[in-house]
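Note: the block below is coords-v1.cif and it holds mmCIF, N, CA, C and O atoms.
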```
data_work
loop_
_atom_site.label_atom_id
_atom_site.label_comp_id
_atom_site.auth_asym_id
_atom_site.auth_seq_id
_atom_site.Cartn_x
_atom_site.Cartn_y
_atom_site.Cartn_z
N GLY A 24 -1.45 0.15 -11.19
CA GLY A 24 -1.88 -1.21 -10.90
C GLY A 24 -3.22 -1.49 -11.55
O GLY A 24 -3.91 -0.59 -11.99
N ASN A 25 -3.59 -2.75 -11.61
CA ASN A 25 -4.90 -3.08 -12.18
C ASN A 25 -5.85 -3.55 -11.09
O ASN A 25 -5.46 -3.81 -9.97
N MET A 26 -7.11 -3.67 -11.42
CA MET A 26 -8.14 -3.98 -10.42
C MET A 26 -7.96 -5.35 -9.76
O MET A 26 -8.12 -5.43 -8.55
N PRO A 27 -7.62 -6.42 -10.47
CA PRO A 27 -7.43 -7.70 -9.77
C PRO A 27 -6.32 -7.61 -8.71
O PRO A 27 -6.47 -8.14 -7.61
N GLU A 28 -5.24 -6.90 -9.02
CA GLU A 28 -4.16 -6.72 -8.04
C GLU A 28 -4.66 -5.93 -6.83
O GLU A 28 -4.35 -6.27 -5.69
N LEU A 29 -5.43 -4.89 -7.09
CA LEU A 29 -5.97 -4.09 -6.00
C LEU A 29 -6.91 -4.92 -5.14
O LEU A 29 -6.85 -4.86 -3.90
N GLN A 30 -7.76 -5.71 -5.75
CA GLN A 30 -8.68 -6.57 -4.99
C GLN A 30 -7.91 -7.57 -4.13
O GLN A 30 -8.27 -7.80 -2.97
N ASP A 31 -6.84 -8.14 -4.66
CA ASP A 31 -6.01 -9.07 -3.88
C ASP A 31 -5.36 -8.35 -2.70
O ASP A 31 -5.32 -8.87 -1.59
N THR A 32 -4.86 -7.15 -2.96
CA THR A 32 -4.22 -6.37 -1.90
C THR A 32 -5.22 -6.05 -0.79
O THR A 32 -4.93 -6.23 0.39
N LEU A 33 -6.41 -5.59 -1.16
CA LEU A 33 -7.43 -5.26 -0.16
C LEU A 33 -7.84 -6.50 0.63
O LEU A 33 -8.02 -6.43 1.85
N ARG A 34 -7.96 -7.63 -0.04
CA ARG A 34 -8.31 -8.88 0.65
C ARG A 34 -7.24 -9.22 1.68
O ARG A 34 -7.56 -9.56 2.83
N MET A 35 -5.97 -9.12 1.32
CA MET A 35 -4.88 -9.43 2.25
C MET A 35 -4.88 -8.48 3.44
O MET A 35 -4.69 -8.91 4.59
N LEU A 36 -5.11 -7.20 3.20
CA LEU A 36 -5.13 -6.23 4.29
C LEU A 36 -6.29 -6.52 5.25
O LEU A 36 -6.13 -6.42 6.46
N LYS A 37 -7.43 -6.86 4.70
CA LYS A 37 -8.58 -7.17 5.55
C LYS A 37 -8.32 -8.43 6.37
O LYS A 37 -8.68 -8.50 7.55
N GLU A 38 -7.69 -9.42 5.76
CA GLU A 38 -7.35 -10.64 6.50
C GLU A 38 -6.39 -10.34 7.64
O GLU A 38 -6.53 -10.89 8.73
N GLU A 39 -5.40 -9.47 7.40
CA GLU A 39 -4.45 -9.09 8.45
C GLU A 39 -5.15 -8.51 9.66
O GLU A 39 -4.74 -8.75 10.80
N GLU A 40 -6.18 -7.74 9.44
CA GLU A 40 -6.90 -7.06 10.52
C GLU A 40 -8.15 -7.83 10.95
O GLU A 40 -8.89 -7.35 11.80
N ASN A 41 -8.37 -8.99 10.35
CA ASN A 41 -9.55 -9.80 10.66
C ASN A 41 -10.83 -8.99 10.44
O ASN A 41 -11.71 -8.93 11.31
N ILE A 42 -10.92 -8.34 9.29
CA ILE A 42 -12.07 -7.50 8.94
C ILE A 42 -12.93 -8.22 7.91
O ILE A 42 -12.43 -8.67 6.90
N ASP A 43 -14.21 -8.29 8.20
CA ASP A 43 -15.18 -8.83 7.24
C ASP A 43 -16.24 -7.76 7.02
O ASP A 43 -17.15 -7.60 7.82
N ASN A 44 -16.08 -7.02 5.95
CA ASN A 44 -17.02 -5.92 5.68
C ASN A 44 -17.84 -6.16 4.42
O ASN A 44 -18.39 -5.22 3.85
N GLN A 45 -17.97 -7.41 4.01
CA GLN A 45 -18.67 -7.69 2.76
C GLN A 45 -20.15 -7.32 2.81
O GLN A 45 -20.77 -7.09 1.78
N ASN A 46 -20.72 -7.23 4.00
CA ASN A 46 -22.13 -6.86 4.12
C ASN A 46 -22.33 -5.37 4.45
O ASN A 46 -23.45 -4.93 4.66
N GLU A 47 -21.23 -4.63 4.50
CA GLU A 47 -21.30 -3.20 4.80
C GLU A 47 -21.66 -2.41 3.54
O GLU A 47 -21.28 -2.79 2.44
N VAL A 48 -22.37 -1.32 3.74
CA VAL A 48 -22.72 -0.44 2.64
C VAL A 48 -22.07 0.91 2.91
O VAL A 48 -22.27 1.50 3.97
N CYS A 49 -21.28 1.36 1.95
CA CYS A 49 -20.61 2.65 2.08
C CYS A 49 -21.64 3.77 1.92
O CYS A 49 -22.47 3.72 1.02
N LYS A 50 -21.59 4.76 2.81
CA LYS A 50 -22.50 5.89 2.72
C LYS A 50 -21.70 7.18 2.65
O LYS A 50 -20.67 7.31 3.30
N GLN A 51 -22.19 8.10 1.87
CA GLN A 51 -21.59 9.43 1.80
C GLN A 51 -21.81 10.13 3.14
O GLN A 51 -22.91 10.10 3.69
N LEU A 52 -20.75 10.73 3.68
CA LEU A 52 -20.89 11.48 4.92
C LEU A 52 -21.78 12.70 4.67
O LEU A 52 -21.58 13.44 3.70
N THR A 53 -22.75 12.89 5.51
CA THR A 53 -23.67 14.01 5.41
C THR A 53 -23.62 14.81 6.71
O THR A 53 -23.13 14.31 7.72
N PRO A 54 -24.13 16.03 6.71
CA PRO A 54 -24.18 16.79 7.97
C PRO A 54 -24.93 16.04 9.07
O PRO A 54 -24.54 16.10 10.24
N GLU A 55 -25.96 15.30 8.69
CA GLU A 55 -26.73 14.56 9.69
C GLU A 55 -25.91 13.43 10.31
O GLU A 55 -25.93 13.22 11.52
N ILE A 56 -25.18 12.68 9.47
CA ILE A 56 -24.33 11.61 9.98
C ILE A 56 -23.21 12.20 10.85
O ILE A 56 -22.89 11.67 11.92
N ALA A 57 -22.63 13.33 10.40
CA ALA A 57 -21.56 13.98 11.16
C ALA A 57 -22.07 14.42 12.52
O ALA A 57 -21.37 14.29 13.53
N GLU A 58 -23.29 14.91 12.58
CA GLU A 58 -23.89 15.35 13.85
C GLU A 58 -24.00 14.21 14.84
O GLU A 58 -23.77 14.38 16.04
N GLU A 59 -24.32 13.02 14.35
CA GLU A 59 -24.51 11.85 15.22
C GLU A 59 -23.21 11.15 15.60
O GLU A 59 -23.17 10.37 16.54
N ALA A 60 -22.12 11.44 14.87
CA ALA A 60 -20.85 10.75 15.10
C ALA A 60 -20.18 11.21 16.39
O ALA A 60 -20.32 12.37 16.80
N ASP A 61 -19.45 10.29 17.01
CA ASP A 61 -18.64 10.65 18.18
C ASP A 61 -17.33 11.31 17.74
O ASP A 61 -16.83 12.22 18.40
N ILE A 62 -16.78 10.81 16.63
CA ILE A 62 -15.53 11.32 16.10
C ILE A 62 -15.54 11.14 14.58
O ILE A 62 -16.13 10.19 14.08
N ILE A 63 -14.90 12.05 13.89
CA ILE A 63 -14.81 11.98 12.44
C ILE A 63 -13.33 12.08 12.08
O ILE A 63 -12.66 13.05 12.45
N VAL A 64 -12.83 11.08 11.39
CA VAL A 64 -11.44 11.09 10.95
C VAL A 64 -11.42 11.49 9.48
O VAL A 64 -12.00 10.80 8.64
N TYR A 65 -10.76 12.60 9.19
CA TYR A 65 -10.71 13.14 7.84
C TYR A 65 -9.29 12.99 7.31
O TYR A 65 -8.35 13.51 7.91
N LEU A 66 -9.14 12.27 6.19
CA LEU A 66 -7.81 11.92 5.68
C LEU A 66 -7.41 12.65 4.40
O LEU A 66 -6.41 12.31 3.79
N ASP A 67 -8.16 13.65 4.01
CA ASP A 67 -7.85 14.36 2.77
C ASP A 67 -7.26 15.73 3.11
O ASP A 67 -7.11 16.10 4.27
N LYS A 68 -6.95 16.50 2.07
CA LYS A 68 -6.42 17.85 2.24
C LYS A 68 -7.50 18.73 2.87
O LYS A 68 -8.69 18.60 2.56
N LEU A 69 -7.08 19.65 3.73
CA LEU A 69 -8.03 20.55 4.38
C LEU A 69 -8.85 21.35 3.37
O LEU A 69 -10.03 21.61 3.59
N GLU A 70 -8.23 21.72 2.25
CA GLU A 70 -8.96 22.52 1.26
C GLU A 70 -10.13 21.76 0.64
O GLU A 70 -11.03 22.35 0.07
N ASN A 71 -10.12 20.42 0.77
CA ASN A 71 -11.22 19.61 0.23
C ASN A 71 -12.29 19.31 1.27
O ASN A 71 -13.31 18.69 0.96
N MET A 72 -12.09 19.75 2.50
CA MET A 72 -13.03 19.45 3.59
C MET A 72 -14.35 20.19 3.38
O MET A 72 -14.36 21.39 3.11
N PRO A 73 -15.47 19.46 3.48
CA PRO A 73 -16.78 20.13 3.37
C PRO A 73 -16.94 21.19 4.45
O PRO A 73 -16.44 21.04 5.57
N ASN A 74 -17.64 22.25 4.12
CA ASN A 74 -17.85 23.35 5.07
C ASN A 74 -18.44 22.89 6.39
O ASN A 74 -18.09 23.42 7.44
N TYR A 75 -19.34 21.91 6.35
CA TYR A 75 -20.00 21.49 7.59
C TYR A 75 -19.06 20.75 8.54
O TYR A 75 -19.40 20.52 9.70
N LEU A 76 -17.85 20.40 8.06
CA LEU A 76 -16.87 19.77 8.95
C LEU A 76 -15.85 20.76 9.49
O LEU A 76 -15.21 20.50 10.51
N LYS A 77 -15.71 21.90 8.81
CA LYS A 77 -14.74 22.89 9.26
C LYS A 77 -15.16 23.42 10.62
O LYS A 77 -16.32 23.68 10.87
N ASN A 78 -14.21 23.54 11.50
CA ASN A 78 -14.43 24.02 12.88
C ASN A 78 -15.29 23.07 13.72
O ASN A 78 -15.79 23.47 14.77
N ASN A 79 -15.50 21.85 13.25
CA ASN A 79 -16.24 20.86 14.04
C ASN A 79 -15.25 20.20 15.00
O ASN A 79 -14.27 19.60 14.57
N PRO A 80 -15.48 20.30 16.31
CA PRO A 80 -14.53 19.74 17.28
C PRO A 80 -14.41 18.20 17.22
O PRO A 80 -13.46 17.64 17.74
N LYS A 81 -15.34 17.54 16.57
CA LYS A 81 -15.29 16.08 16.44
C LYS A 81 -14.30 15.62 15.38
O LYS A 81 -13.93 14.46 15.34
N VAL A 82 -13.88 16.54 14.51
CA VAL A 82 -13.03 16.18 13.37
C VAL A 82 -11.57 16.09 13.79
O VAL A 82 -11.02 17.01 14.40
N LYS A 83 -10.96 14.95 13.46
CA LYS A 83 -9.52 14.75 13.60
C LYS A 83 -8.96 14.66 12.19
O LYS A 83 -9.40 13.82 11.41
N HIS A 84 -8.04 15.53 11.87
CA HIS A 84 -7.52 15.59 10.50
C HIS A 84 -6.11 15.03 10.42
O HIS A 84 -5.24 15.40 11.19
N PHE A 85 -5.92 14.12 9.49
CA PHE A 85 -4.61 13.59 9.14
C PHE A 85 -4.59 13.50 7.63
O PHE A 85 -5.46 12.87 7.04
N TYR A 86 -3.62 14.13 7.01
CA TYR A 86 -3.55 14.04 5.55
C TYR A 86 -2.75 12.81 5.15
O TYR A 86 -1.60 12.65 5.52
N ILE A 87 -3.39 11.93 4.41
CA ILE A 87 -2.76 10.74 3.84
C ILE A 87 -2.77 10.92 2.33
O ILE A 87 -3.83 10.86 1.71
N PRO A 88 -1.61 11.17 1.72
CA PRO A 88 -1.58 11.38 0.27
C PRO A 88 -2.08 10.15 -0.48
O PRO A 88 -1.92 9.02 -0.02
N ASP A 89 -2.71 10.39 -1.63
CA ASP A 89 -3.12 9.28 -2.49
C ASP A 89 -1.88 8.53 -2.94
O ASP A 89 -0.88 9.13 -3.31
N VAL A 90 -1.96 7.21 -2.87
CA VAL A 90 -0.86 6.36 -3.32
C VAL A 90 -1.41 5.26 -4.19
O VAL A 90 -2.62 5.00 -4.20
N ASP A 91 -0.54 4.59 -4.91
CA ASP A 91 -0.96 3.44 -5.72
C ASP A 91 -1.06 2.25 -4.78
O ASP A 91 -0.06 1.65 -4.42
N LEU A 92 -2.28 1.94 -4.34
CA LEU A 92 -2.49 0.87 -3.37
C LEU A 92 -2.47 -0.52 -3.98
O LEU A 92 -2.69 -1.50 -3.29
N ALA A 93 -2.21 -0.61 -5.28
CA ALA A 93 -2.21 -1.92 -5.92
C ALA A 93 -1.03 -2.76 -5.45
O ALA A 93 -1.08 -3.98 -5.53
N THR A 94 0.04 -2.12 -4.98
CA THR A 94 1.16 -2.90 -4.48
C THR A 94 0.94 -3.16 -3.00
O THR A 94 0.61 -2.26 -2.24
N TYR A 95 1.13 -4.38 -2.60
CA TYR A 95 0.88 -4.77 -1.21
C TYR A 95 1.73 -3.96 -0.24
O TYR A 95 1.24 -3.51 0.79
N GLU A 96 2.99 -3.77 -0.55
CA GLU A 96 3.90 -3.08 0.37
C GLU A 96 3.41 -1.67 0.67
O GLU A 96 3.37 -1.25 1.83
N VAL A 97 3.05 -0.92 -0.36
CA VAL A 97 2.58 0.45 -0.17
C VAL A 97 1.24 0.45 0.56
O VAL A 97 1.02 1.24 1.48
N ALA A 98 0.36 -0.44 0.19
CA ALA A 98 -0.95 -0.52 0.85
C ALA A 98 -0.78 -0.87 2.32
O ALA A 98 -1.45 -0.30 3.19
N HIS A 99 0.11 -1.81 2.62
CA HIS A 99 0.34 -2.22 4.00
C HIS A 99 0.89 -1.05 4.82
O HIS A 99 0.43 -0.80 5.94
N GLN A 100 1.85 -0.32 4.27
CA GLN A 100 2.42 0.84 4.97
C GLN A 100 1.35 1.90 5.23
O GLN A 100 1.29 2.49 6.32
N THR A 101 0.51 2.14 4.23
CA THR A 101 -0.56 3.12 4.38
C THR A 101 -1.56 2.68 5.44
O THR A 101 -1.99 3.47 6.28
N LYS A 102 -1.93 1.40 5.42
CA LYS A 102 -2.86 0.86 6.43
C LYS A 102 -2.29 1.02 7.82
O LYS A 102 -2.98 1.45 8.75
N GLU A 103 -1.01 0.69 7.99
CA GLU A 103 -0.37 0.80 9.30
C GLU A 103 -0.32 2.25 9.78
O GLU A 103 -0.54 2.53 10.95
N LYS A 104 -0.05 3.18 8.86
CA LYS A 104 -0.01 4.59 9.22
C LYS A 104 -1.39 5.04 9.72
O LYS A 104 -1.51 5.69 10.77
N ILE A 105 -2.43 4.69 8.98
CA ILE A 105 -3.79 5.07 9.38
C ILE A 105 -4.17 4.39 10.69
O ILE A 105 -4.73 5.02 11.59
N LYS A 106 -3.86 3.11 10.82
CA LYS A 106 -4.17 2.37 12.06
C LYS A 106 -3.52 3.03 13.26
O LYS A 106 -4.16 3.24 14.30
N ASN A 107 -2.24 3.41 13.15
CA ASN A 107 -1.55 4.05 14.26
C ASN A 107 -2.15 5.40 14.61
O ASN A 107 -2.27 5.74 15.78
N LEU A 108 -2.55 6.16 13.59
CA LEU A 108 -3.20 7.43 13.86
C LEU A 108 -4.50 7.23 14.63
O LEU A 108 -4.79 7.94 15.60
N ILE A 109 -5.29 6.25 14.20
CA ILE A 109 -6.59 5.98 14.83
C ILE A 109 -6.39 5.48 16.27
O ILE A 109 -7.06 5.93 17.20
N LEU A 110 -5.44 4.59 16.47
CA LEU A 110 -5.20 4.04 17.80
C LEU A 110 -4.70 5.09 18.79
O LEU A 110 -4.85 4.93 19.99
N ASN A 111 -4.10 6.15 18.26
CA ASN A 111 -3.57 7.20 19.14
C ASN A 111 -4.50 8.39 19.29
O ASN A 111 -4.08 9.44 19.79
N LEU A 112 -5.75 8.26 18.89
CA LEU A 112 -6.71 9.36 19.05
C LEU A 112 -7.00 9.60 20.52
O LEU A 112 -7.07 8.73 21.31
#
```

Would it be possible to restate this file's structure as structure tokens?
Amino acid sequence: GNMPELQDTLRMLKEEENIDNQNEVCKQLTPEIAEEADIIVYLDKLENMPNYLKNNPKVKHFYIPDVDLATYEVAHQTKEKIKNLILNL
């Protein structure tokens, strides 16, 4: 997919969930941020998990494979899968 399609898909997904994050700043997770967190949801392969998260009882791990999110259908399914995992924590 191309970037305009991806931007449209992300906009639609945010509208579905009534999310306005345009003023949010993405930050790299650090040991200090992890220490202060109540819960950490990790969506990558365990082998990629930073050492400071391994054996941390706050970490909930769900592997979500990388997909081409440029298509709305795939992005919507992925969003719903993640949403359901989070809601069932």

Closest contacts (segment 30-49 of chain A/segment 87-110 of chain A, max 8 Å, all atoms listed in the file) as JSON lines:
```
{"residue": "A:Gln30", "atom": "N", "partner": "A:Ala93", "partner_atom": "CA", "distance": 6.7}
{"residue": "A:Asp31", "atom": "C", "partner": "A:Ala93", "partner_atom": "O", "distance": 6.7}
{"residue": "A:Thr32", "atom": "CA", "partner": "A:Leu92", "partner_atom": "O", "distance": 5.3}
{"residue": "A:Leu33", "atom": "N", "partner": "A:Leu92", "partner_atom": "O", "distance": 5.9}
{"residue": "A:Leu36", "atom": "CA", "partner": "A:His99", "partner_atom": "CA", "distance": 6.8}
```

statement: Ala57 of chain A proximity check over A:Leu112, A:Leu76, A:Ile42, A:Leu29, using all atoms listed in the file: winner is A:Leu76

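Closest approach to Val64 of chain A among A:Arg34, A:Lys81, A:Glu39, A:Tyr86: A:Lys81, based on all atoms listed in the file.
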
- request: Run DSSP on the backbone and grab whatever in chain A lands in strand (DSSP E); send it over as an MDAnalysis selection string.
  value: chainID A and resid 63:65 82:84

message: Could you pull out the helix (DSSP H, G or I) residues of chain A, going by DSSP on the backbone, and write them as a PyMOL selection string?
response: chain A and resi 26-39+54-59+69-71+74-76+95-110

message: To one decimal place in Å, what is the distance between atom CA of Cys49 of chain A and atom CA of Pro73 of chain A?
response: 17.9 Å

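If only C-alpha atoms are the atoms counted, then among A:Phe85, A:Pro80, A:Asp43, A:Glu28 the closest residue to Lys68 of chain A is A:Phe85.
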
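Atom CA of Glu47 of chain A lies 17.7 Å from atom CA of Met35 of chain A.
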
- request: Please identify all polymer residues within 12 Å of Met72 of chain A, counting only C-alpha atoms, omitting same-chain residues fewer than 3 positions from it, and present them as a PyMOL selection string.
  value: chain A and resi 52+63-69+75-79+82-86

- prompt: What does the distance from atom N of Ile62 of chain A to atom C of Asn111 of chain A come to in Å, to one decimal?
  reply: 12.8 Å
